[in-house]
file upload_38.pdb (PDB, C-alpha atoms, pLDDT in the B column)
ATOM      1  CA  MET R 142      12.632   5.970   4.486  1.00 47.00           C
ATOM      2  CA  ILE R 143      10.416   5.038   7.400  1.00 53.00           C
ATOM      3  CA  SER R 144      11.939   2.714   9.973  1.00 55.00           C
ATOM      4  CA  ASN R 145      10.574  -0.814   9.973  1.00 59.00           C
ATOM      5  CA  SER R 146       9.847  -0.598  13.700  1.00 54.00           C
ATOM      6  CA  SER R 147       7.441   2.311  13.168  1.00 64.00           C
ATOM      7  CA  ALA R 148       5.547   0.605  10.319  1.00 71.00           C
ATOM      8  CA  GLY R 149       3.084  -1.311  12.512  1.00 81.00           C
ATOM      9  CA  HIS R 150       2.240  -4.909  11.664  1.00 90.00           C
ATOM     10  CA  LEU R 151       3.876  -4.646   8.239  1.00 94.00           C
ATOM     11  CA  GLY R 152       7.178  -3.643   9.857  1.00 93.00           C
ATOM     12  CA  LEU R 153       7.075  -6.800  11.971  1.00 93.00           C
ATOM     13  CA  VAL R 154       6.557  -8.988   8.891  1.00 95.00           C
ATOM     14  CA  LEU R 155       9.163  -7.165   6.760  1.00 96.00           C
ATOM     15  CA  ASP R 156      11.631  -6.493   9.547  1.00 94.00           C
ATOM     16  CA  ARG R 157      14.615  -6.207   7.168  1.00 95.00           C
ATOM     17  CA  ALA R 158      13.005  -4.063   4.456  1.00 96.00           C
ATOM     18  CA  GLU R 159      15.552  -2.099   2.416  1.00 96.00           C
ATOM     19  CA  PHE R 160      13.175  -0.019   0.294  1.00 97.00           C
ATOM     20  CA  GLY R 161      10.083   1.883   1.248  1.00 95.00           C
ATOM     21  CA  GLU R 162       8.046   5.033   1.251  1.00 95.00           C
ATOM     22  CA  TRP R 163       5.724   6.890   3.627  1.00 95.00           C
ATOM     23  CA  HIS R 164       3.028   9.434   2.880  1.00 96.00           C
ATOM     24  CA  HIS R 165       0.550  11.082   5.181  1.00 96.00           C
ATOM     25  CA  GLY R 166      -2.227  13.594   5.487  1.00 96.00           C
ATOM     26  CA  VAL R 167      -4.627  14.897   8.095  1.00 96.00           C
ATOM     27  CA  ILE R 168      -8.362  14.665   7.484  1.00 96.00           C
ATOM     28  CA  ASP R 169     -10.879  16.649   9.494  1.00 94.00           C
ATOM     29  CA  ALA R 170     -13.106  13.656  10.240  1.00 96.00           C
ATOM     30  CA  PRO R 171     -13.159  10.877  12.838  1.00 97.00           C
ATOM     31  CA  VAL R 172     -11.259   7.619  12.278  1.00 97.00           C
ATOM     32  CA  GLU R 173     -14.429   5.589  11.694  1.00 96.00           C
ATOM     33  CA  ARG R 174     -15.553   7.837   8.837  1.00 96.00           C
ATOM     34  CA  VAL R 175     -12.096   7.795   7.225  1.00 97.00           C
ATOM     35  CA  TRP R 176     -11.973   3.982   7.639  1.00 97.00           C
ATOM     36  CA  ALA R 177     -15.296   3.646   5.791  1.00 95.00           C
ATOM     37  CA  ALA R 178     -14.008   5.856   2.965  1.00 96.00           C
ATOM     38  CA  LEU R 179     -10.748   3.843   2.760  1.00 96.00           C
ATOM     39  CA  ARG R 180     -12.671   0.567   2.473  1.00 94.00           C
ATOM     40  CA  GLN R 181     -14.850   1.992  -0.333  1.00 92.00           C
ATOM     41  CA  LEU R 182     -12.096   3.694  -2.370  1.00 92.00           C
ATOM     42  CA  ARG R 183     -11.985   2.257  -5.906  1.00 87.00           C
ATOM     43  CA  TRP R 184      -9.313   2.434  -8.596  1.00 81.00           C
ATOM     44  CA  ALA R 185     -11.936   4.150 -10.757  1.00 82.00           C
ATOM     45  CA  ASP R 186     -11.834   7.040  -8.257  1.00 86.00           C
ATOM     46  CA  LEU R 187      -8.149   7.626  -9.043  1.00 85.00           C
ATOM     47  CA  ARG R 188      -6.869   9.161 -12.283  1.00 83.00           C
ATOM     48  CA  LEU R 189      -3.375   7.645 -11.965  1.00 80.00           C
ATOM     49  CA  GLY R 190      -4.716   4.471 -10.392  1.00 72.00           C
ATOM     50  CA  ARG R 191      -6.898   3.885 -13.446  1.00 68.00           C
ATOM     51  CA  VAL R 192      -3.875   4.291 -15.733  1.00 73.00           C
ATOM     52  CA  LEU R 193      -1.872   1.812 -13.631  1.00 70.00           C
ATOM     53  CA  LEU R 194      -4.576  -0.840 -13.901  1.00 65.00           C
ATOM     54  CA  LEU R 195      -4.964  -0.267 -17.639  1.00 63.00           C
ATOM     55  CA  VAL R 196      -1.185  -0.580 -18.189  1.00 72.00           C
ATOM     56  CA  ARG R 197      -1.146  -3.801 -16.147  1.00 66.00           C
ATOM     57  CA  GLY R 198      -4.092  -5.186 -18.134  1.00 65.00           C
ATOM     58  CA  LEU R 199      -6.417  -5.133 -15.139  1.00 62.00           C
ATOM     59  CA  SER R 200      -9.193  -2.894 -16.457  1.00 62.00           C
ATOM     60  CA  GLY R 201     -11.807  -5.325 -15.153  1.00 63.00           C
ATOM     61  CA  ARG R 202     -10.877  -4.328 -11.603  1.00 65.00           C
ATOM     62  CA  LEU R 203     -11.519  -0.591 -11.940  1.00 69.00           C
ATOM     63  CA  ASP R 204     -14.839  -0.712 -10.097  1.00 75.00           C
ATOM     64  CA  GLN R 205     -13.514  -2.905  -7.286  1.00 84.00           C
ATOM     65  CA  PRO R 206     -12.227  -1.379  -4.054  1.00 87.00           C
ATOM     66  CA  TRP R 207      -8.439  -0.835  -4.258  1.00 83.00           C
ATOM     67  CA  TRP R 208      -7.770  -3.491  -1.619  1.00 88.00           C
ATOM     68  CA  ALA R 209      -9.538  -6.220  -3.637  1.00 85.00           C
ATOM     69  CA  THR R 210      -6.654  -6.090  -6.139  1.00 81.00           C
ATOM     70  CA  PHE R 211      -4.279  -7.308  -3.436  1.00 84.00           C
ATOM     71  CA  ALA R 212      -6.629  -9.651  -1.534  1.00 86.00           C
ATOM     72  CA  ALA R 213      -5.757 -12.726  -3.602  1.00 85.00           C
ATOM     73  CA  LEU R 214      -1.993 -12.027  -3.607  1.00 90.00           C
ATOM     74  CA  GLY R 215      -1.157 -12.377   0.053  1.00 94.00           C
ATOM     75  CA  PRO R 216      -2.342 -12.262   3.631  1.00 96.00           C
ATOM     76  CA  ARG R 217      -4.195  -9.237   4.811  1.00 94.00           C
ATOM     77  CA  ILE R 218      -3.289  -6.992   7.712  1.00 94.00           C
ATOM     78  CA  GLU R 219      -6.402  -5.595   9.340  1.00 93.00           C
ATOM     79  CA  ASP R 220      -7.048  -4.044  12.707  1.00 93.00           C
ATOM     80  CA  GLU R 221     -10.339  -2.193  12.221  1.00 95.00           C
ATOM     81  CA  PRO R 222     -10.564   0.822  12.235  1.00 96.00           C
ATOM     82  CA  THR R 223      -6.874   1.698  12.492  1.00 95.00           C
ATOM     83  CA  GLU R 224      -4.802  -0.461  10.119  1.00 96.00           C
ATOM     84  CA  MET R 225      -5.342  -2.195   6.771  1.00 95.00           C
ATOM     85  CA  GLY R 226      -2.805  -3.645   4.372  1.00 94.00           C
ATOM     86  CA  PHE R 227      -1.200  -6.637   2.738  1.00 96.00           C
ATOM     87  CA  ALA R 228       2.061  -8.570   2.721  1.00 97.00           C
ATOM     88  CA  ILE R 229       2.953 -10.144  -0.625  1.00 96.00           C
ATOM     89  CA  VAL R 230       5.722 -12.277  -2.092  1.00 98.00           C
ATOM     90  CA  GLY R 231       6.247 -11.593  -5.760  1.00 97.00           C
ATOM     91  CA  ARG R 232       8.309 -10.460  -8.692  1.00 97.00           C
ATOM     92  CA  PRO R 233       6.715  -7.128  -9.554  1.00 94.00           C
ATOM     93  CA  TRP R 234       9.532  -6.285 -11.975  1.00 94.00           C
ATOM     94  CA  SER R 235       8.436  -9.041 -14.395  1.00 91.00           C
ATOM     95  CA  LEU R 236       6.577  -8.090 -17.569  1.00 83.00           C
ATOM     96  CA  ARG R 237       3.687 -10.109 -16.151  1.00 82.00           C
ATOM     97  CA  PRO R 238       4.159  -9.716 -12.392  1.00 82.00           C
ATOM     98  CA  GLN R 239       4.383 -13.022 -10.554  1.00 90.00           C
ATOM     99  CA  SER R 240       3.140 -13.821  -7.059  1.00 93.00           C
ATOM    100  CA  HIS R 241       3.908 -16.630  -4.664  1.00 94.00           C
ATOM    101  CA  VAL R 242       0.767 -16.708  -2.513  1.00 94.00           C
ATOM    102  CA  LEU R 243       1.306 -17.563   1.125  1.00 95.00           C
ATOM    103  CA  GLY R 244      -1.425 -18.181   3.674  1.00 91.00           C
ATOM    104  CA  ASP R 245      -0.444 -15.987   6.586  1.00 96.00           C
ATOM    105  CA  LEU R 246       1.866 -13.221   7.773  1.00 96.00           C
ATOM    106  CA  ASP R 247       4.214 -15.660   9.556  1.00 97.00           C
ATOM    107  CA  ALA R 248       4.768 -17.513   6.263  1.00 97.00           C
ATOM    108  CA  VAL R 249       5.650 -14.244   4.509  1.00 97.00           C
ATOM    109  CA  HIS R 250       8.054 -13.336   7.309  1.00 97.00           C
ATOM    110  CA  ALA R 251       9.762 -16.762   7.138  1.00 97.00           C
ATOM    111  CA  PHE R 252       9.952 -16.894   3.301  1.00 98.00           C
ATOM    112  CA  THR R 253      13.578 -16.911   2.080  1.00 97.00           C
ATOM    113  CA  ARG R 254      13.546 -18.495  -1.400  1.00 98.00           C
ATOM    114  CA  PRO R 255      16.028 -16.581  -3.626  1.00 98.00           C
ATOM    115  CA  GLY R 256      14.823 -14.374  -6.448  1.00 98.00           C
ATOM    116  CA  TRP R 257      11.712 -12.951  -4.804  1.00 98.00           C
ATOM    117  CA  LEU R 258      10.591  -9.743  -3.148  1.00 98.00           C
ATOM    118  CA  LYS R 259       8.598  -9.622   0.072  1.00 98.00           C
ATOM    119  CA  TYR R 260       6.634  -6.385   0.036  1.00 97.00           C
ATOM    120  CA  GLY R 261       3.518  -4.763   1.287  1.00 96.00           C
ATOM    121  CA  MET R 262       1.512  -1.661   1.883  1.00 95.00           C
ATOM    122  CA  THR R 263      -0.368  -0.643   4.964  1.00 95.00           C
ATOM    123  CA  TRP R 264      -2.706   2.215   5.820  1.00 96.00           C
ATOM    124  CA  ARG R 265      -2.776   3.440   9.400  1.00 96.00           C
ATOM    125  CA  LEU R 266      -5.388   5.776  10.828  1.00 97.00           C
ATOM    126  CA  THR R 267      -4.692   7.574  14.095  1.00 97.00           C
ATOM    127  CA  ALA R 268      -7.268   9.664  15.942  1.00 97.00           C
ATOM    128  CA  LEU R 269      -6.123  13.233  16.580  1.00 97.00           C
ATOM    129  CA  PRO R 270      -7.646  15.905  18.817  1.00 91.00           C
ATOM    130  CA  ASP R 271     -10.829  17.610  17.671  1.00 93.00           C
ATOM    131  CA  GLY R 272     -12.080  14.606  15.687  1.00 95.00           C
ATOM    132  CA  ARG R 273      -9.342  14.704  13.036  1.00 96.00           C
ATOM    133  CA  THR R 274      -7.491  11.650  11.673  1.00 97.00           C
ATOM    134  CA  LEU R 275      -3.844  11.198  10.727  1.00 97.00           C
ATOM    135  CA  VAL R 276      -3.737   9.006   7.599  1.00 97.00           C
ATOM    136  CA  GLU R 277      -0.450   7.238   6.835  1.00 96.00           C
ATOM    137  CA  THR R 278       0.361   4.915   3.965  1.00 96.00           C
ATOM    138  CA  ILE R 279       3.537   2.897   4.325  1.00 96.00           C
ATOM    139  CA  THR R 280       5.176   0.691   1.700  1.00 96.00           C
ATOM    140  CA  LEU R 281       8.032  -1.673   2.593  1.00 97.00           C
ATOM    141  CA  CYS R 282      10.023  -3.933   0.241  1.00 97.00           C
ATOM    142  CA  GLN R 283      12.471  -6.679   1.239  1.00 98.00           C
ATOM    143  CA  PRO R 284      14.379  -8.643  -1.453  1.00 98.00           C
ATOM    144  CA  THR R 285      15.239 -12.236  -0.579  1.00 98.00           C
ATOM    145  CA  ASP R 286      18.717 -12.150  -2.144  1.00 98.00           C
ATOM    146  CA  ALA R 287      21.228 -10.003  -4.053  1.00 98.00           C
ATOM    147  CA  ALA R 288      19.798 -10.861  -7.506  1.00 98.00           C
ATOM    148  CA  ALA R 289      16.278  -9.847  -6.441  1.00 98.00           C
ATOM    149  CA  ARG R 290      17.737  -6.691  -4.868  1.00 98.00           C
ATOM    150  CA  ARG R 291      19.365  -5.686  -8.177  1.00 98.00           C
ATOM    151  CA  ARG R 292      16.205  -6.347 -10.184  1.00 97.00           C
ATOM    152  CA  PHE R 293      13.981  -4.572  -7.715  1.00 98.00           C
ATOM    153  CA  ARG R 294      16.310  -1.588  -7.336  1.00 98.00           C
ATOM    154  CA  ALA R 295      16.081  -0.922 -11.096  1.00 97.00           C
ATOM    155  CA  TYR R 296      12.299  -1.402 -11.017  1.00 96.00           C
ATOM    156  CA  TRP R 297      11.946   0.811  -7.917  1.00 97.00           C
ATOM    157  CA  LEU R 298      13.875   3.653  -9.556  1.00 96.00           C
ATOM    158  CA  LEU R 299      11.396   3.523 -12.417  1.00 93.00           C
ATOM    159  CA  ILE R 300       8.132   3.170 -10.496  1.00 90.00           C
ATOM    160  CA  ARG R 301       8.760   4.980  -7.222  1.00 93.00           C
ATOM    161  CA  PRO R 302       7.715   8.449  -8.470  1.00 92.00           C
ATOM    162  CA  GLY R 303       4.441   7.013  -9.796  1.00 88.00           C
ATOM    163  CA  SER R 304       3.929   5.002  -6.635  1.00 89.00           C
ATOM    164  CA  ALA R 305       4.306   8.166  -4.562  1.00 93.00           C
ATOM    165  CA  LEU R 306       1.858  10.051  -6.790  1.00 91.00           C
ATOM    166  CA  ILE R 307      -0.720   7.268  -6.492  1.00 90.00           C
ATOM    167  CA  ARG R 308      -0.404   7.184  -2.675  1.00 93.00           C
ATOM    168  CA  ARG R 309      -0.895  10.954  -2.553  1.00 95.00           C
ATOM    169  CA  GLU R 310      -3.800  10.684  -4.955  1.00 94.00           C
ATOM    170  CA  MET R 311      -5.386   8.051  -2.707  1.00 93.00           C
ATOM    171  CA  ILE R 312      -5.093  10.356   0.313  1.00 96.00           C
ATOM    172  CA  ALA R 313      -6.664  13.195  -1.696  1.00 95.00           C
ATOM    173  CA  ALA R 314      -9.473  10.863  -2.811  1.00 94.00           C
ATOM    174  CA  LEU R 315     -10.109   9.954   0.824  1.00 95.00           C
ATOM    175  CA  VAL R 316     -10.422  13.640   1.614  1.00 93.00           C
ATOM    176  CA  SER R 317     -12.907  14.089  -1.251  1.00 91.00           C
ATOM    177  CA  SER R 318     -14.896  11.058  -0.161  1.00 90.00           C
ATOM    178  CA  VAL R 319     -15.086  12.231   3.443  1.00 91.00           C
ATOM    179  CA  GLU R 320     -15.858  15.767   2.223  1.00 77.00           C
ATOM    180  CA  SER R 321     -18.991  14.488   0.550  1.00 76.00           C
ATOM    181  CA  LEU R 322     -20.229  13.673   4.070  1.00 67.00           C
ATOM    182  CA  GLY R 323     -19.113  16.997   5.576  1.00 61.00           C
ATOM    183  CA  LYS R 324     -16.608  19.803   5.126  1.00 51.00           C
ATOM    184  CA  PRO R 325     -13.169  18.561   6.259  1.00 43.00           C
ATOM    185  CA  ARG R 326      -9.865  20.393   5.867  1.00 49.00           C
ATOM    186  CA  ARG R 327      -6.742  18.552   4.769  1.00 52.00           C
ATOM    187  CA  SER R 328      -3.013  18.821   4.471  1.00 55.00           C
ATOM    188  CA  SER R 329      -0.773  16.268   2.777  1.00 57.00           C
ATOM    189  CA  THR R 330       2.923  15.625   2.198  1.00 57.00           C
TER     190      THR R 330
END

call {"tool": "encode", "arguments": {"input": "upload_38.pdb", "output": "C-alpha cells"}}
result
Amino acid sequence: MISNSSAGHLGLVLDRAEFGEWHHGVIDAPVERVWAALRQLRWADLRLGRVLLLVRGLSGRLDQPWWATFAALGPRIEDEPTEMGFAIVGRPWSLRPQSHVLGDLDAVHAFTRPGWLKYGMTWRLTALPDGRTLVETITLCQPTDAAARRRFRAYWLLIRPGSALIRREMIAALVSSVESLGKPRRSST
C-alpha cells in the first residue's frame, strides 16, 4: 500500500488510512494535455466502468465525466493541472451505498462518527523529462471504528480486484485519448 504521507492532499485528509491502492503509468504527452483528457474521461469510455455504473443503477451517468459521479458526494481536491480527487464519507458496502456529505476537506478529516468510512481517490500528474507525464491514481480508505473496519474489509476483499482493473482501464483510456491528439507511448503497472 502507498504511504499516506506520499498521497498528496488526500493523504493529509485521510492520515490514518488502513486500506488503499496505487496505480501508475507514463504517458508521452505534457501534463496539460493529460489533464484535459482526465477532465473529459467519461464512464462510457470504460468497458468495466460502464458495468460498474449499470450494476449500481447509475446508467444515467454514463455520458458524464467520471469525476461528476463523485462531485455531489464530498469535497473536491483540485490543484490544476497536477491533482484532482475527492474525499468522501460513506458506507459503500451497503446494498444502496450511503453518503454523509460534508462541505470541506477539514470536515472529512475531523469526522469520527462510528460506522462510517472516510475514503477518497486522487489523480496526480507529474511532469517528466522530454514532455512525458507520470500519471498516478491513489485510493485511500479509513474506517471510523472497528465495526466499519470489519464491514469494509469484507467489501474491500470483494471489490479490490475490480477497483484495480478500473483504475488501470482509466489510465489506458487516458493514453488512448491523448493518442488521438498525437502518438504517445505508454507503460502501466

call {"tool": "resolve_selection", "arguments": {"input": "upload_38.pdb", "expression": "the PyMOL selection byres ((chain R and resi 318) around 12)", "output": "list in words"}}
result
Ile168, Asp169, Ala170, Arg174, Val175, Trp176, Ala177, Ala178, Leu179, Arg180, Gln181, Leu182, Arg183, Asp186, Leu187, Met311, Ile312, Ala313, Ala314, Leu315, Val316, Ser317, Val319, Glu320, Ser321, Leu322, Gly323, Lys324 and Pro325 of chain R

call {"tool": "resolve_selection", "arguments": {"input": "upload_38.pdb", "expression": "the PyMOL selection byres ((chain R and resi 221-225) around 6)", "output": "mmCIF file with C-alpha atoms, keeping the file's coordinate frame"}}
result
data_model
loop_
_atom_site.group_PDB
_atom_site.id
_atom_site.type_symbol
_atom_site.label_atom_id
_atom_site.label_comp_id
_atom_site.auth_asym_id
_atom_site.auth_seq_id
_atom_site.Cartn_x
_atom_site.Cartn_y
_atom_site.Cartn_z
ATOM 1 C CA TRP R 176 -11.973 3.982 7.639
ATOM 2 C CA ILE R 218 -3.289 -6.992 7.712
ATOM 3 C CA GLU R 219 -6.402 -5.595 9.340
ATOM 4 C CA ASP R 220 -7.048 -4.044 12.707
ATOM 5 C CA GLY R 226 -2.805 -3.645 4.372
ATOM 6 C CA THR R 263 -0.368 -0.643 4.964
ATOM 7 C CA TRP R 264 -2.706 2.215 5.820
ATOM 8 C CA ARG R 265 -2.776 3.440 9.400
ATOM 9 C CA LEU R 266 -5.388 5.776 10.828
#

call {"tool": "closest_residue", "arguments": {"input": "upload_38.pdb", "among": "R:Val192, R:Val242, R:Leu281, R:Trp184", "to": "His150 of chain R", "atoms": "all atoms listed in the file"}}
result
R:Leu281

call {"tool": "resolve_selection", "arguments": {"input": "upload_38.pdb", "expression": "the PyMOL selection byres ((chain R and resi 297) around 12)", "output": "ChimeraX atom specification"}}
result
/R:159-162,232-234,258,260,280-284,289-296,298-305

call {"tool": "atom_distance", "arguments": {"input": "upload_38.pdb", "atom1": "atom CA of Leu246 of chain R", "atom2": "atom CA of Thr285 of chain R"}}
result
15.8 Å

call {"tool": "closest_residue", "arguments": {"input": "upload_38.pdb", "among": "R:Arg188, R:Arg217, R:His241, R:His164", "to": "Thr278 of chain R", "atoms": "only C-alpha atoms"}}
result
R:His164

call {"tool": "atom_distance", "arguments": {"input": "upload_38.pdb", "atom1": "atom CA of His250 of chain R", "atom2": "atom CA of Ala158 of chain R"}}
result
10.9 Å

call {"tool": "atom_distance", "arguments": {"input": "upload_38.pdb", "atom1": "atom CA of Ala251 of chain R", "atom2": "atom CA of Val154 of chain R"}}
result
8.6 Å

call {"tool": "residues_near_point", "arguments": {"input": "upload_38.pdb", "point": "(-6.3, 8.3, 14.2)", "cutoff": "8 Å", "atoms": "all atoms listed in the file", "output": "list in words"}}
result
Pro171, Val172, Thr223, Arg265, Leu266, Thr267, Ala268, Leu269, Arg273, Thr274, Leu275 and Val276 of chain R

call {"tool": "closest_residue", "arguments": {"input": "upload_38.pdb", "among": "R:Met262, R:Glu173, R:Leu236, R:Ala185", "to": "Pro216 of chain R", "atoms": "only C-alpha atoms"}}
result
R:Met262
